[in-house]
Protein chains: 2
Amino acid sequence: MSPFEIVAEPARRALMDALVAGPKPVGELSDAAGLSQPNTSRHLRILREAGLVSVTPDAQRRLYALRPERLIELDRWLIPYRELWRSSLDALERHLDEGS
Amino acid sequence: MSPFEIVAEPARRALMDALVAGPKPVGELSDAAGLSQPNTSRHLRILREAGLVSVTPDAQRRLYALRPERLIELDRWLIPYRELWRSSLDALERHLDEGS
DNA sequence: CACTTATATAAGCCTCTGATTATCTACGTC
DNA sequence: GACGTAGATAATCAGAGGCTTATATAAGTG
């Protein structure tokens, strides 16, 4: 599954956003993302298989952590578009500066 | 439809990629993206409704052009993750520099 | 005005995926 | 070793979305 598809799902973005602050067990992620426990596990599994999170067992809990490297692909795809919107924003700015 | 979902679809990324070079009519987009004509029209409609492309009639043709502004949302979402992978890449670099 | 080209829309099918409910496993505690 | 907690998995269901085929509109061309 491509990072694009992974990130398309709001539930998964919510989980990832909750992980930005640091590793968390499933229970906390479930609460933070407002997902049921099984659903949380399912999406975490998808994230894990896509290489976007890692797991380390901690007694009966599992600590999930972000592995953001695969998002670089997304970032690289954005590059040409970024330049486009920059130039259009620049144009707008110039337009405003002219006071016309 | 969120930009995340829009961009999740390979066919739509192909269309957008073809538009980076500049506006194009449907026929060229269809060829460039390797999509059937109706399918091309369908995805272009989705892109249009999401505000990612604009259309200007040109006789019996329709010229589609990129409107990349809405991708800014995607870019902003990436910011915290970008910092994470930067720091991990930096760590790797330091590690290699140490020659250990 | 018939014909062709360019594009849009409609209908239908099929697959994929997300959510829920219920169950199973593993670990810790008393 | 019974019980409670944390998490994973299975089964099922429902809905969304993609692709194709067929048809419609609209604008040029003879």
# chains A, B, ... in the order shown; residues from 1 in each chain; ligands from 1
$ residues_around --residues "range 52-65 of chain A" --least-positions-apart "3" --cutoff "12 Å" --atoms "only C-alpha atoms (C1' of nucleotides)" --output "VMD selection string"
(chain A and resid 1 to 4 6 to 7 12 to 13 15 to 30 40 to 41 43 to 49 68 to 73) or (chain B and resid 81 84 to 85) or (chain C and resid 25 to 28) or (chain D and resid 5 to 8)
$ write_last_selection --atoms "C-alpha atoms (C1' of nucleotides)" --output "short mmCIF file (atom, residue, chain, number, x, y, z; two decimals), in the first residue's frame"
data_model
loop_
_atom_site.label_atom_id
_atom_site.label_comp_id
_atom_site.auth_asym_id
_atom_site.auth_seq_id
_atom_site.Cartn_x
_atom_site.Cartn_y
_atom_site.Cartn_z
CA MET A 1 0.00 0.00 0.00
CA SER A 2 1.40 3.34 -1.02
CA PRO A 3 1.91 6.10 1.55
CA PHE A 4 -0.67 8.08 -0.42
CA ILE A 6 -2.24 5.06 3.84
CA VAL A 7 -2.57 8.73 4.58
CA ARG A 12 -4.88 6.61 10.18
CA ARG A 13 -3.95 10.26 10.07
CA LEU A 15 -3.34 7.74 14.79
CA MET A 16 -0.22 9.15 13.21
CA ASP A 17 -0.94 12.61 14.57
CA ALA A 18 -1.27 11.11 18.02
CA LEU A 19 2.13 9.50 17.60
CA VAL A 20 3.96 12.68 16.68
CA ALA A 21 4.41 13.47 20.37
CA GLY A 22 6.07 10.10 20.94
CA PRO A 23 5.39 6.35 21.24
CA LYS A 24 2.12 5.26 22.80
CA PRO A 25 0.28 2.03 23.66
CA VAL A 26 -2.85 1.00 21.79
CA GLY A 27 -5.25 2.14 24.49
CA GLU A 28 -4.03 5.71 24.42
CA LEU A 29 -4.05 5.76 20.64
CA SER A 30 -7.57 4.43 20.61
CA THR A 40 -7.39 0.81 16.20
CA SER A 41 -5.56 -2.51 16.06
CA HIS A 43 -5.30 0.42 11.34
CA LEU A 44 -2.14 0.04 13.35
CA ARG A 45 -1.54 -3.21 11.58
CA ILE A 46 -1.95 -1.51 8.22
CA LEU A 47 0.42 1.23 9.29
CA ARG A 48 2.91 -1.35 10.49
CA GLU A 49 2.76 -3.36 7.27
CA PRO A 68 8.10 8.71 9.12
CA GLU A 69 10.70 7.86 6.47
CA ARG A 70 8.19 6.55 3.98
CA LEU A 71 6.42 9.88 4.00
CA ILE A 72 9.41 11.26 2.17
CA GLU A 73 7.91 9.76 -0.97
CA TYR B 81 6.70 14.50 10.14
CA LEU B 84 10.96 13.84 12.48
CA TRP B 85 12.56 12.25 9.46
"C1'" DT C 25 -4.18 -14.96 23.28
"C1'" DA C 26 -0.89 -13.16 26.47
"C1'" DC C 27 0.50 -11.16 30.49
"C1'" DG C 28 0.02 -9.70 35.16
"C1'" DT D 5 -6.54 -6.09 31.53
"C1'" DA D 6 -4.29 -5.16 26.92
"C1'" DG D 7 -4.35 -6.24 22.48
"C1'" DA D 8 -4.98 -9.10 18.19
#
$ interface_residues --of "chain C" --to "chain B" --cutoff "10 Å" --atoms "only C-alpha atoms (C1' of nucleotides)" --output "list of chain:residue names"
C:DT5, C:DA6, C:DT7, C:DA8, C:DT9
$ residues_around --residues "range 13-19 of chain C" --least-positions-apart "3" --cutoff "9 Å" --atoms "only C-alpha atoms (C1' of nucleotides)" --output "PyMOL selection string"
(chain A and resi 36+39) or (chain D and resi 13+15-18+20)
$ select_by_dssp --residues "range 12-86 of chain A" --states "strand (DSSP E or B)" --output "list in words"
Lys24, Pro25, Val53, Ser54, Val55, Thr56, Pro57, Asp58, Arg61, Arg62, Leu63, Tyr64, Ala65 and Leu66 of chain A
$ select_by_dssp --residues "chain A" --states "helix (DSSP H, G or I)" --output "number ranges by chain"
A: 3-8, 10-19, 26-33, 37-49, 68-97
$ write_last_selection --atoms "C-alpha atoms" --output "short mmCIF file (atom, residue, chain, number, x, y, z; two decimals), in the first residue's frame"
data_model
loop_
_atom_site.label_atom_id
_atom_site.label_comp_id
_atom_site.auth_asym_id
_atom_site.auth_seq_id
_atom_site.Cartn_x
_atom_site.Cartn_y
_atom_site.Cartn_z
CA PRO A 3 1.91 6.10 1.55
CA PHE A 4 -0.67 8.08 -0.42
CA GLU A 5 -3.35 5.51 0.26
CA ILE A 6 -2.24 5.06 3.84
CA VAL A 7 -2.57 8.73 4.58
CA ALA A 8 -5.86 9.07 2.74
CA PRO A 10 -8.69 9.95 8.39
CA ALA A 11 -8.48 7.29 11.08
CA ARG A 12 -4.88 6.61 10.18
CA ARG A 13 -3.95 10.26 10.07
CA ALA A 14 -5.47 10.60 13.52
CA LEU A 15 -3.34 7.74 14.79
CA MET A 16 -0.22 9.15 13.21
CA ASP A 17 -0.94 12.61 14.57
CA ALA A 18 -1.27 11.11 18.02
CA LEU A 19 2.13 9.50 17.60
CA VAL A 26 -2.85 1.00 21.79
CA GLY A 27 -5.25 2.14 24.49
CA GLU A 28 -4.03 5.71 24.42
CA LEU A 29 -4.05 5.76 20.64
CA SER A 30 -7.57 4.43 20.61
CA ASP A 31 -8.70 7.23 22.92
CA ALA A 32 -6.76 9.95 21.14
CA ALA A 33 -8.09 8.98 17.72
CA GLN A 37 -10.11 -0.94 20.07
CA PRO A 38 -10.38 -3.49 17.24
CA ASN A 39 -10.44 -0.76 14.66
CA THR A 40 -7.39 0.81 16.20
CA SER A 41 -5.56 -2.51 16.06
CA ARG A 42 -6.58 -2.97 12.45
CA HIS A 43 -5.30 0.42 11.34
CA LEU A 44 -2.14 0.04 13.35
CA ARG A 45 -1.54 -3.21 11.58
CA ILE A 46 -1.95 -1.51 8.22
CA LEU A 47 0.42 1.23 9.29
CA ARG A 48 2.91 -1.35 10.49
CA GLU A 49 2.76 -3.36 7.27
CA PRO A 68 8.10 8.71 9.12
CA GLU A 69 10.70 7.86 6.47
CA ARG A 70 8.19 6.55 3.98
CA LEU A 71 6.42 9.88 4.00
CA ILE A 72 9.41 11.26 2.17
CA GLU A 73 7.91 9.76 -0.97
CA LEU A 74 4.87 11.96 -0.49
CA ASP A 75 7.05 14.97 0.15
CA ARG A 76 9.03 14.38 -3.02
CA TRP A 77 5.87 14.08 -5.07
CA LEU A 78 4.77 17.47 -3.80
CA ILE A 79 7.90 19.29 -4.94
CA PRO A 80 6.79 20.40 -8.43
CA TYR A 81 3.37 21.44 -7.13
CA ARG A 82 4.93 23.37 -4.32
CA GLU A 83 6.78 25.44 -6.84
CA LEU A 84 3.56 26.07 -8.71
CA TRP A 85 1.63 27.34 -5.76
CA ARG A 86 4.61 29.38 -4.65
CA SER A 87 4.76 31.17 -7.94
CA SER A 88 1.01 31.82 -7.91
CA LEU A 89 1.22 33.13 -4.36
CA ASP A 90 4.14 35.31 -5.39
CA ALA A 91 2.10 36.68 -8.24
CA LEU A 92 -0.73 37.48 -5.86
CA GLU A 93 1.67 39.19 -3.53
CA ARG A 94 3.13 41.30 -6.32
CA HIS A 95 -0.38 42.19 -7.35
CA LEU A 96 -1.24 43.34 -3.84
CA ASP A 97 2.00 45.25 -3.49
#
$ closest_residue --among "D:DA24, D:DC19, D:DT9, D:DT29" --to "chain A" --atoms "only C-alpha atoms (C1' of nucleotides)"
D:DT9
$ atom_distance --atom1 "CA of Leu35 in chain A" --atom2 "C1' of DA22 in chain C"
17.4 Å
